Amino acid sequence: MLAALEVVTTVTVGLMVGVEFSVAFVMNRIFGALPEDADQMARSHGGRMLGALMPFWYIGSVALVAVWAVAGHTHDGFGLVVTAGALLIVSVIMSILLLVPINNQGKNWTPETRPADWKDQMNRWDRYHYARVAVIVAAFTLLVTALV
């Protein structure tokens, strides 16, 4: 049963990393190559869509890692799992304090209502997001290592 939990947890976190990596290094670059209105509208739509899904994915990942840590506390890799869990908690805190406030504003913007500094705000969100991606990649790497 523990082996199944380890695999489900690692796959769940790995998929989350893939989505966030894609947003950072693929989708936002595609959006940025679009005309200004399309760029902003794509980011707003992405903010609404992923803003509704990702909280459950992040919290669910933390919960799965916590269960793995409790269930596997006597197994090799326990410290790696706990550290991965701590990093995922850091990513949730980063999201709540840094990314969500910007996203909550941006997801409602239209070409008519966006502020003059909307690109600066999106660039700040991108910088925070790059840092968050690094944190969750590190967490995922630790989980994979704990499996070995």
# chains A, B, ... in the order shown; residues from 1 in each chain; ligands from 1
>>> residues_around(residues="region 71-79 of chain A", least_positions_apart="5", cutoff="10 Å", atoms="only C-alpha atoms", output="short mmCIF file (atom, residue, chain, number, x, y, z; two decimals) with all heavy atoms, in the first residue's frame")
data_model
loop_
_atom_site.label_atom_id
_atom_site.label_comp_id
_atom_site.auth_asym_id
_atom_site.auth_seq_id
_atom_site.Cartn_x
_atom_site.Cartn_y
_atom_site.Cartn_z
N MET A 1 0.82 -1.20 0.00
CA MET A 1 0.00 0.00 0.00
C MET A 1 0.86 1.27 0.00
O MET A 1 0.54 2.23 -0.67
CB MET A 1 -0.91 -0.03 1.22
CG MET A 1 -1.91 1.06 1.27
SD MET A 1 -3.09 0.89 -0.05
CE MET A 1 -4.27 2.08 0.40
N LEU A 2 1.96 1.25 0.76
CA LEU A 2 2.85 2.40 0.80
C LEU A 2 3.45 2.66 -0.58
O LEU A 2 3.55 3.82 -1.00
CB LEU A 2 3.97 2.20 1.84
CG LEU A 2 4.98 3.35 1.96
CD1 LEU A 2 4.28 4.65 2.36
CD2 LEU A 2 6.07 2.99 2.96
N ALA A 3 3.80 1.60 -1.30
CA ALA A 3 4.38 1.78 -2.63
C ALA A 3 3.40 2.48 -3.57
O ALA A 3 3.78 3.36 -4.34
CB ALA A 3 4.80 0.43 -3.21
N LEU A 5 1.00 4.56 -2.67
CA LEU A 5 0.93 5.95 -2.21
C LEU A 5 2.13 6.73 -2.72
O LEU A 5 1.99 7.88 -3.17
CB LEU A 5 0.87 6.00 -0.68
CG LEU A 5 0.97 7.39 -0.04
CD1 LEU A 5 -0.25 8.24 -0.43
CD2 LEU A 5 1.08 7.26 1.47
N GLU A 6 3.31 6.14 -2.65
CA GLU A 6 4.51 6.82 -3.13
C GLU A 6 4.41 7.15 -4.61
O GLU A 6 4.74 8.26 -5.03
CB GLU A 6 5.73 5.93 -2.87
CG GLU A 6 6.06 5.74 -1.41
CD GLU A 6 7.10 4.65 -1.18
OE1 GLU A 6 7.38 3.85 -2.10
OE2 GLU A 6 7.62 4.58 -0.06
N VAL A 65 1.92 14.08 0.36
CA VAL A 65 3.28 13.98 0.91
C VAL A 65 3.23 13.79 2.43
O VAL A 65 4.00 13.01 2.99
CB VAL A 65 4.14 15.19 0.50
CG1 VAL A 65 5.47 15.20 1.25
CG2 VAL A 65 4.37 15.19 -1.00
N ALA A 66 2.31 14.47 3.09
CA ALA A 66 2.17 14.31 4.55
C ALA A 66 1.78 12.88 4.90
O ALA A 66 2.34 12.28 5.83
CB ALA A 66 1.15 15.30 5.09
N ALA A 84 10.73 17.47 1.05
CA ALA A 84 9.87 17.75 -0.11
C ALA A 84 8.55 18.36 0.36
O ALA A 84 8.05 19.33 -0.23
CB ALA A 84 9.61 16.48 -0.91
N GLY A 85 7.99 17.83 1.43
CA GLY A 85 6.75 18.39 1.98
C GLY A 85 6.93 19.82 2.44
O GLY A 85 6.07 20.68 2.20
N LEU A 142 13.28 15.52 -4.87
CA LEU A 142 13.44 14.81 -3.59
C LEU A 142 12.51 13.61 -3.50
O LEU A 142 12.90 12.54 -3.01
CB LEU A 142 13.21 15.76 -2.43
CG LEU A 142 14.26 16.86 -2.25
CD1 LEU A 142 13.80 17.88 -1.21
CD2 LEU A 142 15.60 16.24 -1.86
N LEU A 143 11.28 13.76 -3.97
CA LEU A 143 10.34 12.63 -3.94
C LEU A 143 10.82 11.49 -4.85
O LEU A 143 10.74 10.32 -4.45
CB LEU A 143 8.94 13.07 -4.37
CG LEU A 143 8.23 14.03 -3.42
CD1 LEU A 143 6.90 14.48 -4.00
CD2 LEU A 143 8.04 13.41 -2.03
N VAL A 144 11.29 11.83 -6.02
CA VAL A 144 11.81 10.80 -6.92
C VAL A 144 13.01 10.11 -6.29
O VAL A 144 13.14 8.88 -6.32
CB VAL A 144 12.17 11.40 -8.30
CG1 VAL A 144 12.93 10.38 -9.16
CG2 VAL A 144 10.91 11.88 -9.01
N THR A 145 13.88 10.88 -5.67
CA THR A 145 15.05 10.32 -5.01
C THR A 145 14.64 9.41 -3.87
O THR A 145 15.27 8.37 -3.63
CB THR A 145 15.98 11.45 -4.52
OG1 THR A 145 16.30 12.29 -5.63
CG2 THR A 145 17.24 10.90 -3.90
N ALA A 146 13.59 9.77 -3.15
CA ALA A 146 13.11 8.94 -2.03
C ALA A 146 12.59 7.59 -2.52
O ALA A 146 12.58 6.62 -1.75
CB ALA A 146 12.02 9.68 -1.26
N LEU A 147 12.17 7.52 -3.76
CA LEU A 147 11.69 6.25 -4.31
C LEU A 147 12.82 5.27 -4.59
O LEU A 147 12.61 4.07 -4.63
CB LEU A 147 10.92 6.49 -5.62
CG LEU A 147 9.57 7.14 -5.53
CD1 LEU A 147 9.02 7.42 -6.93
CD2 LEU A 147 8.62 6.30 -4.72
N VAL A 148 14.02 5.80 -4.80
CA VAL A 148 15.16 4.97 -5.22
C VAL A 148 15.76 4.24 -4.05
O VAL A 148 15.93 4.72 -2.99
CB VAL A 148 16.23 5.82 -5.94
CG1 VAL A 148 17.41 4.97 -6.37
CG2 VAL A 148 15.61 6.53 -7.14
#
>>> closest_atom_pairs(of="region 91-114 of chain A", to="region 123-140 of chain A", cutoff="8 Å", atoms="only C-alpha atoms", output="JSON lines")
{"residue": "A:Ser91", "atom": "CA", "partner": "A:Arg132", "partner_atom": "CA", "distance": 5.7}
{"residue": "A:Met94", "atom": "CA", "partner": "A:Arg132", "partner_atom": "CA", "distance": 7.0}
{"residue": "A:Ser95", "atom": "CA", "partner": "A:Arg132", "partner_atom": "CA", "distance": 7.8}
{"residue": "A:Leu98", "atom": "CA", "partner": "A:Tyr128", "partner_atom": "CA", "distance": 6.9}
{"residue": "A:Leu99", "atom": "CA", "partner": "A:Trp125", "partner_atom": "CA", "distance": 5.9}
{"residue": "A:Ile102", "atom": "CA", "partner": "A:Trp125", "partner_atom": "CA", "distance": 6.6}
{"residue": "A:Asn103", "atom": "CA", "partner": "A:Trp125", "partner_atom": "CA", "distance": 7.8}
>>> write_last_selection(atoms="N, CA, C and O atoms", output="PDB file, in the first residue's frame")
ATOM      1  N   SER A  91       5.916  26.508  -1.284  1.00  0.00           N
ATOM      2  CA  SER A  91       5.293  26.898  -2.557  1.00  0.00           C
ATOM      3  C   SER A  91       3.858  27.381  -2.355  1.00  0.00           C
ATOM      4  O   SER A  91       3.415  28.305  -3.046  1.00  0.00           O
ATOM      5  N   MET A  94       4.192  30.866  -0.852  1.00  0.00           N
ATOM      6  CA  MET A  94       4.562  31.783  -1.929  1.00  0.00           C
ATOM      7  C   MET A  94       3.347  32.129  -2.782  1.00  0.00           C
ATOM      8  O   MET A  94       3.141  33.289  -3.152  1.00  0.00           O
ATOM      9  N   SER A  95       2.563  31.108  -3.089  1.00  0.00           N
ATOM     10  CA  SER A  95       1.368  31.321  -3.916  1.00  0.00           C
ATOM     11  C   SER A  95       0.417  32.296  -3.248  1.00  0.00           C
ATOM     12  O   SER A  95      -0.038  33.266  -3.870  1.00  0.00           O
ATOM     13  N   LEU A  98       2.351  35.914  -2.695  1.00  0.00           N
ATOM     14  CA  LEU A  98       2.955  36.626  -3.815  1.00  0.00           C
ATOM     15  C   LEU A  98       2.165  36.522  -5.120  1.00  0.00           C
ATOM     16  O   LEU A  98       1.950  37.532  -5.788  1.00  0.00           O
ATOM     17  N   LEU A  99       1.770  35.321  -5.483  1.00  0.00           N
ATOM     18  CA  LEU A  99       1.191  35.111  -6.810  1.00  0.00           C
ATOM     19  C   LEU A  99      -0.317  35.320  -6.870  1.00  0.00           C
ATOM     20  O   LEU A  99      -0.824  35.930  -7.806  1.00  0.00           O
ATOM     21  N   ILE A 102      -1.722  38.982  -7.294  1.00  0.00           N
ATOM     22  CA  ILE A 102      -1.571  39.497  -8.655  1.00  0.00           C
ATOM     23  C   ILE A 102      -2.559  38.791  -9.581  1.00  0.00           C
ATOM     24  O   ILE A 102      -3.235  39.420 -10.402  1.00  0.00           O
ATOM     25  N   ASN A 103      -2.647  37.472  -9.438  1.00  0.00           N
ATOM     26  CA  ASN A 103      -3.558  36.702 -10.287  1.00  0.00           C
ATOM     27  C   ASN A 103      -5.007  37.138 -10.093  1.00  0.00           C
ATOM     28  O   ASN A 103      -5.764  37.231 -11.068  1.00  0.00           O
TER      29      ASN A 103
END
>>> select_by_dssp(residues="region 37-132 of chain A", states="helix (DSSP H, G or I)", output="PyMOL selection string")
chain A and resi 37-71+78-106+118-132
>>> residues_around(residues="region 48-54 of chain A", least_positions_apart="4", cutoff="10 Å", atoms="only C-alpha atoms", output="count of residues only")
17
>>> closest_residue(among="A:Ala63, A:Met41, A:Ile89, A:Leu34", to="Arg114 (chain A)", atoms="only C-alpha atoms")
A:Met41
>>> closest_residue(among="A:Ala24, A:Ile30, A:Leu64, A:Ala38", to="Thr9 (chain A)", atoms="only C-alpha atoms")
A:Leu64
>>> closest_residue(among="A:Glu112, A:Phe31, A:Met122, A:Trp68", to="Val7 (chain A)", atoms="only C-alpha atoms")
A:Trp68
>>> closest_residue(among="A:Phe56, A:Val81, A:Ser61, A:Gln105", to="Val17 (chain A)", atoms="only C-alpha atoms")
A:Ser61
>>> decode(residues="region 79-97 of chain A", atoms="N, CA, C and O atoms", output="mmCIF file, in the first residue's frame")
data_model
loop_
_atom_site.group_PDB
_atom_site.id
_atom_site.type_symbol
_atom_site.label_atom_id
_atom_site.label_comp_id
_atom_site.auth_asym_id
_atom_site.auth_seq_id
_atom_site.Cartn_x
_atom_site.Cartn_y
_atom_site.Cartn_z
ATOM 1 N N GLY A 79 13.526 11.479 5.411
ATOM 2 C CA GLY A 79 13.987 12.868 5.462
ATOM 3 C C GLY A 79 13.777 13.582 4.145
ATOM 4 O O GLY A 79 13.432 14.772 4.117
ATOM 5 N N LEU A 80 13.964 12.867 3.040
ATOM 6 C CA LEU A 80 13.730 13.461 1.724
ATOM 7 C C LEU A 80 12.259 13.820 1.534
ATOM 8 O O LEU A 80 11.925 14.883 1.005
ATOM 9 N N VAL A 81 11.375 12.932 1.983
ATOM 10 C CA VAL A 81 9.938 13.169 1.858
ATOM 11 C C VAL A 81 9.514 14.358 2.722
ATOM 12 O O VAL A 81 8.741 15.215 2.277
ATOM 13 N N VAL A 82 10.026 14.424 3.932
ATOM 14 C CA VAL A 82 9.690 15.544 4.819
ATOM 15 C C VAL A 82 10.193 16.859 4.227
ATOM 16 O O VAL A 82 9.475 17.869 4.234
ATOM 17 N N THR A 83 11.402 16.851 3.694
ATOM 18 C CA THR A 83 11.941 18.059 3.073
ATOM 19 C C THR A 83 11.125 18.456 1.848
ATOM 20 O O THR A 83 10.831 19.647 1.652
ATOM 21 N N ALA A 84 10.731 17.474 1.052
ATOM 22 C CA ALA A 84 9.865 17.754 -0.107
ATOM 23 C C ALA A 84 8.548 18.365 0.363
ATOM 24 O O ALA A 84 8.054 19.332 -0.235
ATOM 25 N N GLY A 85 7.986 17.834 1.432
ATOM 26 C CA GLY A 85 6.748 18.391 1.978
ATOM 27 C C GLY A 85 6.932 19.825 2.439
ATOM 28 O O GLY A 85 6.071 20.682 2.200
ATOM 29 N N ALA A 86 8.059 20.089 3.078
ATOM 30 C CA ALA A 86 8.337 21.457 3.529
ATOM 31 C C ALA A 86 8.452 22.406 2.330
ATOM 32 O O ALA A 86 7.936 23.534 2.365
ATOM 33 N N LEU A 87 9.092 21.952 1.264
ATOM 34 C CA LEU A 87 9.207 22.788 0.067
ATOM 35 C C LEU A 87 7.840 23.032 -0.572
ATOM 36 O O LEU A 87 7.558 24.146 -1.044
ATOM 37 N N LEU A 88 6.989 22.018 -0.566
ATOM 38 C CA LEU A 88 5.648 22.216 -1.115
ATOM 39 C C LEU A 88 4.853 23.204 -0.264
ATOM 40 O O LEU A 88 4.074 24.005 -0.799
ATOM 41 N N ILE A 89 5.058 23.162 1.035
ATOM 42 C CA ILE A 89 4.400 24.147 1.907
ATOM 43 C C ILE A 89 4.915 25.553 1.587
ATOM 44 O O ILE A 89 4.144 26.508 1.521
ATOM 45 N N VAL A 90 6.219 25.663 1.357
ATOM 46 C CA VAL A 90 6.792 26.956 0.951
ATOM 47 C C VAL A 90 6.136 27.429 -0.350
ATOM 48 O O VAL A 90 5.794 28.604 -0.495
ATOM 49 N N SER A 91 5.916 26.508 -1.284
ATOM 50 C CA SER A 91 5.293 26.898 -2.557
ATOM 51 C C SER A 91 3.858 27.381 -2.355
ATOM 52 O O SER A 91 3.415 28.305 -3.046
ATOM 53 N N VAL A 92 3.142 26.777 -1.423
ATOM 54 C CA VAL A 92 1.779 27.229 -1.116
ATOM 55 C C VAL A 92 1.823 28.627 -0.493
ATOM 56 O O VAL A 92 1.033 29.509 -0.861
ATOM 57 N N ILE A 93 2.739 28.835 0.432
ATOM 58 C CA ILE A 93 2.873 30.153 1.068
ATOM 59 C C ILE A 93 3.255 31.207 0.024
ATOM 60 O O ILE A 93 2.696 32.307 0.005
ATOM 61 N N MET A 94 4.192 30.866 -0.852
ATOM 62 C CA MET A 94 4.562 31.783 -1.929
ATOM 63 C C MET A 94 3.347 32.129 -2.782
ATOM 64 O O MET A 94 3.141 33.289 -3.152
ATOM 65 N N SER A 95 2.563 31.108 -3.089
ATOM 66 C CA SER A 95 1.368 31.321 -3.916
ATOM 67 C C SER A 95 0.417 32.296 -3.248
ATOM 68 O O SER A 95 -0.038 33.266 -3.870
ATOM 69 N N ILE A 96 0.123 32.036 -1.986
ATOM 70 C CA ILE A 96 -0.860 32.858 -1.263
ATOM 71 C C ILE A 96 -0.371 34.300 -1.095
ATOM 72 O O ILE A 96 -1.128 35.244 -1.302
ATOM 73 N N LEU A 97 0.902 34.451 -0.744
ATOM 74 C CA LEU A 97 1.412 35.785 -0.433
ATOM 75 C C LEU A 97 1.839 36.587 -1.664
ATOM 76 O O LEU A 97 1.710 37.817 -1.681
#
